[in-house]
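**Student:** Supplied structure: coords_17.txt, compact mmCIF, C-alpha atoms.
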# COMPACT_ATOMS: atom_id res chain seq x y z
CA MET N 924 19.41 -35.10 164.54
CA SER N 925 16.48 -37.53 164.47
CA ALA N 926 16.99 -41.27 164.89
CA GLU N 927 16.08 -41.84 161.25
CA GLU N 928 18.63 -39.30 160.05
CA LYS N 929 21.29 -40.98 162.20
CA ARG N 930 20.40 -44.30 160.55
CA VAL N 931 20.80 -42.72 157.13
CA TRP N 932 24.26 -41.40 158.06
CA ILE N 933 25.26 -44.84 159.34
CA TYR N 934 24.00 -46.43 156.13
CA ALA N 935 25.96 -43.90 154.03
CA VAL N 936 29.21 -44.46 155.91
CA ILE N 937 28.84 -48.23 155.57
CA ALA N 938 27.92 -47.89 151.88
CA ILE N 939 31.23 -46.08 151.34
CA GLY N 940 33.53 -47.86 153.77
CA VAL N 941 32.90 -51.57 153.27
CA PRO N 942 32.80 -51.58 149.44
CA ALA N 943 35.89 -49.35 149.36
CA VAL N 944 37.85 -52.03 151.22
CA TYR N 945 36.39 -54.81 149.06
CA PHE N 946 37.11 -53.08 145.74
CA THR N 947 40.60 -52.10 146.86
CA ILE N 948 41.41 -55.73 147.67
CA ILE N 949 39.81 -57.21 144.55
CA LEU N 950 40.49 -54.68 141.83
CA ARG N 951 44.19 -54.35 142.59
CA GLN N 952 44.53 -57.99 141.46
CA VAL N 953 43.01 -57.26 138.05
CA PRO N 954 46.12 -55.88 136.30
CA THR N 955 48.22 -58.91 137.21
CA THR N 956 45.74 -61.79 137.37
CA ASP N 957 43.27 -63.37 134.95
CA VAL N 958 39.86 -62.40 136.33
CA THR N 959 38.69 -66.02 136.15
CA GLN N 960 41.38 -66.80 138.74
CA ILE N 961 40.45 -64.05 141.21
CA ALA N 962 38.65 -65.44 144.25
CA TYR N 963 36.02 -62.74 144.58
CA VAL N 964 32.96 -64.73 145.69
CA TRP N 965 33.74 -65.12 149.39
CA PRO N 966 35.17 -61.61 149.75
CA LEU N 967 32.02 -60.28 148.08
CA LEU N 968 29.70 -62.28 150.34
CA THR N 969 31.82 -61.30 153.34
CA ALA N 970 31.60 -57.62 152.40
CA ILE N 971 27.81 -57.87 152.12
CA GLY N 972 27.60 -59.75 155.43
CA ILE N 973 29.86 -57.27 157.23
CA ALA N 974 27.86 -54.32 155.87
CA ILE N 975 24.60 -55.83 157.13
CA ALA N 976 26.10 -56.75 160.52
CA VAL N 977 27.73 -53.35 161.06
CA ASN N 978 24.50 -51.61 160.07
CA VAL N 979 22.49 -53.66 162.56
CA VAL N 980 25.02 -53.19 165.38
CA ALA N 981 25.39 -49.45 164.73
CA SER N 982 21.61 -49.03 164.67
CA ILE N 983 21.29 -50.88 167.98
CA VAL N 984 24.06 -48.81 169.56
CA THR N 985 22.38 -45.60 168.34
CA ALA N 986 19.04 -46.76 169.75
CA ILE N 987 20.65 -47.56 173.11
CA ALA N 988 22.36 -44.16 173.16
CA SER N 989 19.06 -42.34 172.51
CA PRO N 990 16.30 -44.73 173.63
CA LYS N 991 13.61 -42.06 173.82
CA GLU N 992 13.67 -41.24 170.12
CA ALA N 993 14.77 -44.64 168.81
CA ASN N 994 11.34 -45.72 167.58
CA LEU N 995 10.05 -42.28 166.70
CA LYS N 996 9.48 -42.07 162.96
CA ASP N 997 7.10 -39.51 161.55
CA GLU N 998 5.63 -38.61 158.17
CA ARG N 999 8.62 -36.44 157.24
CA ASP N 1000 10.93 -39.41 157.76
CA THR N 1001 8.63 -41.56 155.63
CA ASP N 1002 8.44 -38.91 152.88
CA ILE N 1003 12.22 -38.50 152.84
CA HIS N 1004 12.66 -42.27 152.76
CA LEU N 1005 10.40 -42.54 149.70
CA TYR N 1006 12.18 -39.60 148.06
CA GLY N 1007 15.51 -41.36 148.55
CA GLN N 1008 14.12 -44.62 147.23
CA ARG N 1009 12.96 -42.90 144.05
CA ALA N 1010 16.50 -41.68 143.38
CA GLU N 1011 17.85 -45.13 144.24
CA TYR N 1012 15.53 -46.72 141.67
CA TYR N 1013 17.12 -44.86 138.75
CA VAL N 1014 20.62 -45.98 139.76
CA LEU N 1015 19.40 -49.57 140.11
CA VAL N 1016 17.87 -49.49 136.63
CA ILE N 1017 21.01 -48.07 135.04
CA GLY N 1018 23.14 -50.69 136.85
CA ALA N 1019 20.81 -53.52 135.87
CA VAL N 1020 20.96 -52.44 132.22
CA ALA N 1021 24.75 -52.28 132.43
CA ALA N 1022 24.89 -55.77 133.97
CA LEU N 1023 22.53 -57.05 131.28
CA GLY N 1024 24.82 -55.55 128.66
CA LEU N 1025 27.84 -57.26 130.20
CA THR N 1026 25.95 -60.57 130.24
CA LEU N 1027 24.83 -60.27 126.62
CA ALA N 1028 28.38 -59.39 125.63
CA SER N 1029 29.58 -62.59 127.36
CA PHE N 1030 31.78 -60.89 129.94
CA GLU N 1031 33.19 -63.06 132.73
CA HIS N 1032 31.04 -63.61 135.81
CA PHE N 1033 33.62 -61.56 137.74
CA TRP N 1034 32.66 -58.39 135.89
CA ILE N 1035 28.93 -59.05 135.99
CA ALA N 1036 28.89 -59.84 139.73
CA ASN N 1037 31.02 -56.82 140.56
CA ALA N 1038 28.97 -54.55 138.31
CA LEU N 1039 25.86 -55.67 140.18
CA TYR N 1040 27.54 -55.16 143.56
CA LEU N 1041 28.71 -51.72 142.47
CA THR N 1042 25.14 -50.97 141.41
CA PHE N 1043 23.83 -51.88 144.86
CA VAL N 1044 26.55 -49.80 146.48
CA LEU N 1045 25.91 -46.76 144.29
CA SER N 1046 22.16 -47.04 144.73
CA ALA N 1047 22.55 -47.19 148.52
CA LEU N 1048 24.91 -44.23 148.40
CA THR N 1049 22.61 -42.23 146.13
CA SER N 1050 19.65 -42.92 148.36
CA SER N 1051 21.62 -41.90 151.46
CA ILE N 1052 22.95 -38.69 149.92
CA VAL N 1053 19.52 -37.66 148.64
CA LYS N 1054 18.02 -38.32 152.07
CA ILE N 1055 20.77 -36.42 153.90
CA VAL N 1056 20.34 -33.43 151.56
CA ALA N 1057 16.58 -33.60 152.14
CA TYR N 1058 17.06 -33.68 155.92
CA ARG N 1059 19.59 -30.83 155.87
CA ARG N 1060 18.41 -28.53 153.08
CA GLY N 1061 14.68 -29.08 153.14
CA PHE N 1062 12.11 -31.27 151.59
CA MET B 1239 17.98 -29.66 144.11
CA VAL B 1240 15.23 -29.69 146.70
CA LYS B 1241 13.01 -26.65 146.44
CA PRO B 1242 11.90 -25.14 149.74
CA THR B 1243 8.18 -25.02 150.29
CA LYS B 1244 6.27 -21.79 149.56
CA VAL B 1245 4.06 -22.47 152.55
CA THR B 1246 4.91 -20.16 155.40
CA ASN B 1247 3.70 -20.34 158.97
CA VAL B 1248 3.58 -18.52 162.27
CA ILE B 1249 4.10 -21.55 164.47
CA ARG B 1250 7.03 -19.98 166.28
CA ALA B 1251 4.96 -16.92 167.23
CA LEU B 1252 2.04 -19.12 168.24
CA ARG B 1253 4.26 -21.23 170.45
CA PHE B 1254 5.45 -18.16 172.31
CA ALA B 1255 1.90 -16.88 172.57
CA HIS B 1256 0.87 -20.19 174.13
CA GLY B 1257 2.97 -20.10 177.26
CA GLU B 1258 6.32 -20.30 175.48
CA MET B 1259 5.61 -23.82 174.35
CA THR B 1260 8.82 -25.55 173.34
CA GLN B 1261 9.38 -27.26 170.02
CA ALA B 1262 9.67 -30.54 171.94
CA ASP B 1263 6.28 -29.96 173.60
CA LEU B 1264 4.64 -29.27 170.26
CA ALA B 1265 6.36 -32.28 168.71
CA ASP B 1266 5.05 -34.52 171.50
CA ARG B 1267 1.53 -33.19 171.10
CA ILE B 1268 1.36 -33.80 167.36
CA GLY B 1269 3.37 -37.03 167.43
CA VAL B 1270 6.43 -36.06 165.39
CA THR B 1271 10.11 -35.53 166.07
CA ARG B 1272 11.41 -32.17 167.27
CA GLN B 1273 13.46 -32.02 164.06
CA THR B 1274 10.27 -32.10 162.03
CA VAL B 1275 8.80 -29.20 164.00
CA ILE B 1276 12.05 -27.27 163.40
CA ALA B 1277 11.91 -28.09 159.67
CA ILE B 1278 8.29 -26.94 159.42
CA GLU B 1279 8.98 -23.70 161.31
CA GLN B 1280 11.93 -22.93 159.07
CA GLY B 1281 9.97 -23.68 155.89
CA ARG B 1282 12.12 -26.68 155.04
CA TYR B 1283 9.21 -29.09 155.14
CA SER B 1284 5.62 -28.72 154.09
CA PRO B 1285 3.50 -30.88 156.40
CA SER B 1286 0.60 -33.01 155.25
CA LEU B 1287 -2.86 -31.55 155.55
CA GLU B 1288 -3.55 -33.87 158.47
CA MET B 1289 -0.46 -32.74 160.37
CA ALA B 1290 -1.28 -29.11 159.57
CA PHE B 1291 -4.72 -29.58 161.13
CA ARG B 1292 -3.18 -31.22 164.20
CA ILE B 1293 -0.82 -28.26 164.62
CA ALA B 1294 -3.65 -25.74 164.19
CA ARG B 1295 -5.73 -27.64 166.71
CA VAL B 1296 -2.96 -27.43 169.31
CA PHE B 1297 -3.13 -23.65 169.05
CA ASP B 1298 -6.92 -23.65 168.76
CA ALA B 1299 -6.60 -21.60 165.56
CA PRO B 1300 -7.97 -21.94 162.04
CA LEU B 1301 -5.60 -23.53 159.55
CA ASP B 1302 -5.03 -20.36 157.52
CA GLU B 1303 -4.01 -18.46 160.62
CA VAL B 1304 -1.21 -20.91 161.18
CA PHE B 1305 -0.18 -21.55 157.56
CA GLN B 1306 -0.07 -19.11 154.66
CA TYR B 1307 0.42 -19.59 150.93
CA PRO B 1308 1.29 -16.73 148.51
CA ASP B 1309 -1.61 -15.54 146.32
CA THR B 1310 0.43 -15.31 143.11
CA GLU B 1311 2.67 -17.98 141.60
CA GLU B 1312 6.24 -16.88 141.02
CA ALA B 1313 7.43 -17.22 137.42
Could you render the structure from this file as structure tokens?
**Tutor:**
Amino acid sequence: MSAEEKRVWIYAVIAIGVPAVYFTIILRQVPTTDVTQIAYVWPLLTAIGIAIAVNVVASIVTAIASPKEANLKDERDTDIHLYGQRAEYYVLVIGAVAALGLTLASFEHFWIANALYLTFVLSALTSSIVKIVAYRRGF
Amino acid sequence: MVKPTKVTNVIRALRFAHGEMTQADLADRIGVTRQTVIAIEQGRYSPSLEMAFRIARVFDAPLDEVFQYPDTEEA
């Protein structure tokens, strides 16, 4: 497995794991609490910060484990990256439209912020899955 | 779903004909990862024209001896 593919796997695991914890903690409060009273801002920022930090640390650990190939990125990696980004774009657009709809319909900030976060999560996940399929099945 | 390339190649045979060159050796010589050489050999990745020329040059062979493309389009 190339260094770039390892990074994609790391990104995918983080894109699933961290938001899963965040949404479990936050959304379980929804049935019993008014959403305007749910303290979601710091947990959301913390989740984003943890995801970035874990991604950086995991990438460094991977590079240390395989120093020879750590900086080796070729045209196939670049092509697959662009292919994944194209898929990611569609998810981002759909999520942005959904968030716009929530805003125009005067939903609480809670729903708009979480819809946007979910959009980022799903776009990252889509990009990762498309890239992994491209690495494994062909491109 | 990703469609495999129709471009085929004889890189594997050429490697063996050139002193049993390893995939890692070829990858080093053309500046790509070993995984990319594997993907090209297995028809899972169609290289750029530039990379194709670099590969052909390693084997001192014309491009169309290394890579082939079917004459007729499949329906």
**Student:** What is the CA of Asp1263 (chain B) to CA of Ala926 (chain N) distance in Å?
**Tutor:** 17.8 Å
**Student:** Under the rule of at most 8 Å, produce a per-residue listing of chain B near chain N: chain, number, name, the closest pair of atoms, and the distance in Å, as CSV, using all atoms listed in the file.
**Tutor:**
residue,atom,partner,partner_atom,distance
B:Val1240,CA,N:Phe1062,CA,6.0
B:Lys1241,CA,N:Phe1062,CA,7.0
B:Pro1242,CA,N:Gly1061,CA,5.9
B:Thr1243,CA,N:Phe1062,CA,7.5
B:Gly1269,CA,N:Asp997,CA,7.4
B:Val1270,CA,N:Asp997,CA,5.2
B:Thr1271,CA,N:Asp997,CA,6.7
B:Arg1272,CA,N:Ser925,CA,7.9
B:Gln1273,CA,N:Ser925,CA,6.3
B:Thr1274,CA,N:Arg999,CA,6.7
B:Ala1277,CA,N:Gly1061,CA,7.2
B:Gly1281,CA,N:Gly1061,CA,7.7
B:Arg1282,CA,N:Gly1061,CA,4.0
B:Tyr1283,CA,N:Phe1062,CA,5.1
B:Ser1284,CA,N:Phe1062,CA,7.4
B:Pro1285,CA,N:Arg999,CA,7.6
**Student:** With only C-alpha atoms as the atoms that count, which of N:Thr955, N:Tyr934, N:Val964, N:Leu1005 lies nearest to Val980 (chain N)?
**Tutor:**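 Selected residue with least distance to Val980 (chain N): N:Tyr934.
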**Student:** Using all atoms listed in the file, pick whichever of N:Lys1054, N:His1032, N:Ala1010, N:Ala1047 has the shortest atom-to-atom distance to Thr959 (chain N).
**Tutor:** N:His1032
**Student:** Near Arg1292 (chain B), counting all atoms listed in the file, which residues have an atom at most 10 Å away, once you skip same-chain residues fewer than 5 positions from it, shown as a PyMOL selection string?
**Tutor:** chain B and resi 1267-1269+1286-1287+1297-1298+1301
**Student:** Do a neighbour search on Gln1008 (chain N) at 12 Å with all atoms listed in the file, toss out local chain neighbours closer than 5 positions, and write the hits as a VMD selection string.
**Tutor:** chain N and resid 1001 to 1003 1013 to 1015 1046 to 1054
**Student:** So that I can check the surroundings of Thr1026 (chain N), please list as a list in words every protein, DNA and RNA residue that reaches within 12 Å of it, counting only C-alpha atoms and ignoring chain neighbours fewer than 5 positions away.
**Tutor:** Ala1019, Val1020, Ala1021, Glu1031, His1032, Phe1033, Trp1034, Ile1035, Ala1036, Ala1038 and Leu1039 of chain N
**Student:** What gap, in Å, lies between CA of Thr1042 (chain N) and CA of Val984 (chain N)?
**Tutor:**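 So the two atoms, CA of Thr1042 (chain N) and CA of Val984 (chain N), lie 28.3 Å apart.
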**Student:** Just how far from CA of Val1044 (chain N) is CA of Tyr1012 (chain N), in Å to one decimal?
**Tutor:**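 Between CA of Tyr1012 (chain N) and CA of Val1044 (chain N) the gap is 12.4 Å.
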**Student:** Using only C-alpha atoms, which residues sit within 10 Å of Glu1303 (chain B) once same-chain residues fewer than 4 positions away are excluded, as a list in words?
**Tutor:**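 With the cut-off at 10 Å, the set is Asn1247, Val1248, Ile1249, Leu1252, Ala1294, Phe1297 and Ala1299 of chain B.
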**Student:** Fewer than 2 positions away in the same chain doesn't count, so skip those; otherwise give me all residues within 12 Å of Tyr945 (chain N), counting all atoms listed in the file, as a ChimeraX atom specification.
**Tutor:** /N:937-943,947-952,962-974,1037,1040-1041,1044
**Student:** When distances are computed from all atoms listed in the file, which of B:Met1289, B:Val1296, B:Leu1264, B:Asp1309 shows the smallest separation from Ile1276 (chain B)?
**Tutor:**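 Selected residue with least distance to Ile1276 (chain B): B:Leu1264.
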**Student:** Model the absent atoms of region 991-1004 of chain N so that N, CA and C atoms are present, and write the result as a JSON list (two decimals), keeping the file's coordinate frame.
**Tutor:**
[["chain", "number", "residue", "atom", "x", "y", "z"],
["N", 991, "LYS", "N", 14.89, -42.76, 173.87],
["N", 991, "LYS", "CA", 13.61, -42.06, 173.82],
["N", 991, "LYS", "C", 13.12, -41.86, 172.38],
["N", 992, "GLU", "N", 14.07, -41.56, 171.50],
["N", 992, "GLU", "CA", 13.67, -41.24, 170.12],
["N", 992, "GLU", "C", 13.90, -42.40, 169.14],
["N", 993, "ALA", "N", 14.36, -43.54, 169.68],
["N", 993, "ALA", "CA", 14.77, -44.64, 168.81],
["N", 993, "ALA", "C", 13.66, -45.13, 167.87],
["N", 994, "ASN", "N", 12.44, -45.18, 168.39],
["N", 994, "ASN", "CA", 11.34, -45.72, 167.58],
["N", 994, "ASN", "C", 10.45, -44.63, 167.00],
["N", 995, "LEU", "N", 10.87, -43.38, 167.17],
["N", 995, "LEU", "CA", 10.05, -42.28, 166.70],
["N", 995, "LEU", "C", 10.33, -42.00, 165.22],
["N", 996, "LYS", "N", 9.36, -42.32, 164.40],
["N", 996, "LYS", "CA", 9.48, -42.07, 162.96],
["N", 996, "LYS", "C", 8.19, -41.39, 162.52],
["N", 997, "ASP", "N", 8.32, -40.22, 161.91],
["N", 997, "ASP", "CA", 7.10, -39.51, 161.55],
["N", 997, "ASP", "C", 6.95, -39.42, 160.03],
["N", 998, "GLU", "N", 5.94, -38.65, 159.61],
["N", 998, "GLU", "CA", 5.63, -38.61, 158.17],
["N", 998, "GLU", "C", 6.74, -37.97, 157.35],
["N", 999, "ARG", "N", 7.50, -37.05, 157.97],
["N", 999, "ARG", "CA", 8.62, -36.44, 157.24],
["N", 999, "ARG", "C", 9.69, -37.50, 156.96],
["N", 1000, "ASP", "N", 9.96, -38.32, 157.96],
["N", 1000, "ASP", "CA", 10.93, -39.41, 157.76],
["N", 1000, "ASP", "C", 10.46, -40.34, 156.64],
["N", 1001, "THR", "N", 9.18, -40.67, 156.65],
["N", 1001, "THR", "CA", 8.63, -41.56, 155.63],
["N", 1001, "THR", "C", 8.73, -40.91, 154.25],
["N", 1002, "ASP", "N", 8.37, -39.63, 154.17],
["N", 1002, "ASP", "CA", 8.44, -38.91, 152.88],
["N", 1002, "ASP", "C", 9.88, -38.87, 152.36],
["N", 1003, "ILE", "N", 10.81, -38.58, 153.25],
["N", 1003, "ILE", "CA", 12.22, -38.50, 152.84],
["N", 1003, "ILE", "C", 12.72, -39.88, 152.42],
["N", 1004, "HIS", "N", 12.27, -40.90, 153.13],
["N", 1004, "HIS", "CA", 12.66, -42.27, 152.76],
["N", 1004, "HIS", "C", 12.19, -42.59, 151.34]]
